[in-house]
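**Student:** First the structure, then my questions, so here it is.
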Amino acid sequence: MAIRDLARRFRTGTSSAALSDTEKVGVLDRELIREMGSLGLMGVDLPEGLGGLGAPGITAGIIGEELAYGDFNISAGPVGVSLLGAIIMSSATPALAAYWIPRMVSGETLMGVCVTEPSAGSDASALKLRCRRDGGHYVLDGEKTSITFADCADAFIVFARTGAPERGRRGSDRADRSADTPGLARTRFNDVGSRIIGRGSVFFEGVRVPVWKIAWGRKTRASHM
C-alpha cells in the first residue's frame with residue numbers, strides 16, 4: 001500500500017532522528033506535525049473537499065500503526081485528526097467544519113478532545129462540567145483531566161452538561177473553544193514515556209462559547225452572536 005510506504009519512509013527517513021529525540025526534549029515538535037500534514041498523512045479518511053483523501057478508516061489506522069513503530073506518541077497526531085475530524089463532521093455546522101478540518105489535516109492546528117473528568121472518567125453520561133446559557137453564549141465551568149495535548153493544543157472539543165444529570169448522555173453537548181480563551185487554564189502531567197503529547201488537566205472558569213458553537217448530536221444550534 002502506497003500510503004503505508006509513505007508513512008514508513010517518513011518514519012525511517014530524515015525525520016527519524018527527530019522522532020527518537022522528542023521524548024528526551026519533552027516538547028512536541030510541531031514541525032513534525034506540519035510535515036506529516038504536507039505529506040498527506042493526516043486525516044486521510046476525511047473528505048477530499050476538506051483536505052483529506054476520502055480513504056477508508058482502516059487507512060488511517062495503517063498510518064498510525066506504521067508511525068508508532070518509530071514513536072507511538074507521534075502517531076497520536078494523525079489518529080487524533082481522524083477522531084476529532086469525525087466528531088466535527090457529525091456535529092458541527094458546515095462552516096465550522098470548513099474552518100477547522102483543513103487546518104487540522106495540514107498540521108497547522110492541533111486539537112484536543114475534553115471528555116474525561118476526575119469523578120466520571122470517560123463516561124459521557126456522568127459528566128459534571130457545566131454548560132449554562134447566558135444570552136448569546138454558553139458558559140463552561142468545571143475540570144477535564146487526562147487530556148491528550150492538554151498543554152499544547154490550539155483548540156479543544158469539549159463535552160459538557162447542559163441538561164439535568166438524570167438525562168445521562170442526552171444532557172451532554174459539545175463545543176469547540178480556542179485554547180487561549182479567557183478563563184481556560186491547563187496543566188501537564190509528567191508521564192514517563194509519553195511526555196511530548198502533553199497529557200494533563202484543563203480547567204474552565206466562566207469560559208464563554210457562542211451559542212452557534214454548541215452542538216447536539218448531528219445538529220448545531222443556529223447562530224445568533
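Ligands are numbered from 1 in the order shown, residues from 1 within each chain, and chains are lettered A, B, ... in the order they appear in the C-alpha cells.
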List the neighbours of segment 209-211 of chain A out to 6 Å using only C-alpha atoms; skip same-chain residues closer than 6 positions along the sequence, and give me the result as a PDB file with N, CA and C atoms, in the first residue's frame.
**Tutor:**
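In the end it all went to selection.pdb:
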```pdb
ATOM      1  N   GLY A 136     -26.426  35.188  24.311  1.00  0.00           N
ATOM      2  CA  GLY A 136     -25.934  34.577  23.078  1.00  0.00           C
ATOM      3  C   GLY A 136     -24.746  33.664  23.275  1.00  0.00           C
ATOM      4  N   HIS A 137     -24.441  33.322  24.522  1.00  0.00           N
ATOM      5  CA  HIS A 137     -23.314  32.447  24.833  1.00  0.00           C
ATOM      6  C   HIS A 137     -23.743  31.331  25.790  1.00  0.00           C
ATOM      7  N   TYR A 138     -22.921  30.290  25.810  1.00  0.00           N
ATOM      8  CA  TYR A 138     -22.950  29.321  26.897  1.00  0.00           C
ATOM      9  C   TYR A 138     -21.679  29.526  27.710  1.00  0.00           C
TER      10      TYR A 138
END
```
**Student:** Per DSSP on the backbone, filter segment 13-214 of chain A down to the residues in alpha helix (DSSP H) and report them as a ChimeraX atom specification.
**Tutor:** /A:16-25,30-39,57-68,76-91,94-106
**Student:** Which residues come within 12 Å of Gly183 of chain A, counting only C-alpha atoms, excluding same-chain residues fewer than 2 positions away, as a list in words?
**Tutor:**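 Everything that qualifies: Val139, Leu140, Asp141, Gly142, Glu143, Arg177, Ser178, Ala179, Asp180, Thr181, Ala185, Arg186, Val202, Phe203, Phe204, Glu205, Gly206, Val207, Arg208 and Val209 of chain A.
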**Student:** Report the distance between atom CA of Thr109 of chain A and atom CA of Leu6 of chain A in Å, rounded to one decimal place.
**Tutor:**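 Calculated distance between atom CA of Thr109 of chain A and atom CA of Leu6 of chain A is 21.9 Å.
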**Student:** Calculated over only C-alpha atoms, which of the candidates A:Gly26, A:Phe159, A:Ser106, A:Leu32 has the smallest distance to Arg130 of chain A?
**Tutor:** A:Phe159
**Student:** From a backbone DSSP assignment, name each residue in segment 78-182 of chain A labelled strand (DSSP E), as number ranges by chain.
**Tutor:** A: 111-114, 130-134, 137-147, 155-161, 172-178
**Student:** What's the separation between atom CA of Gly40 of chain A and atom CA of Gly107 of chain A, in Å to one decimal place?
**Tutor:**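 These two atoms are separated by 9.6 Å.
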**Student:** For each of A:Gly77, A:Gly70, A:Gly64, A:Gly85, take the minimum atom-to-atom distance to Leu46 of chain A, counting only C-alpha atoms, then give the residue where this is smallest.
**Tutor:**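 Of all the options, A:Gly85 lies closest to Leu46 of chain A.
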**Student:** With only C-alpha atoms as the atoms that count, which of A:Leu184, A:Ala124, A:Ile74, A:Cys114 lies nearest to Asp21 of chain A?
**Tutor:**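 Closest to Asp21 of chain A, using only C-alpha atoms: A:Ile74.
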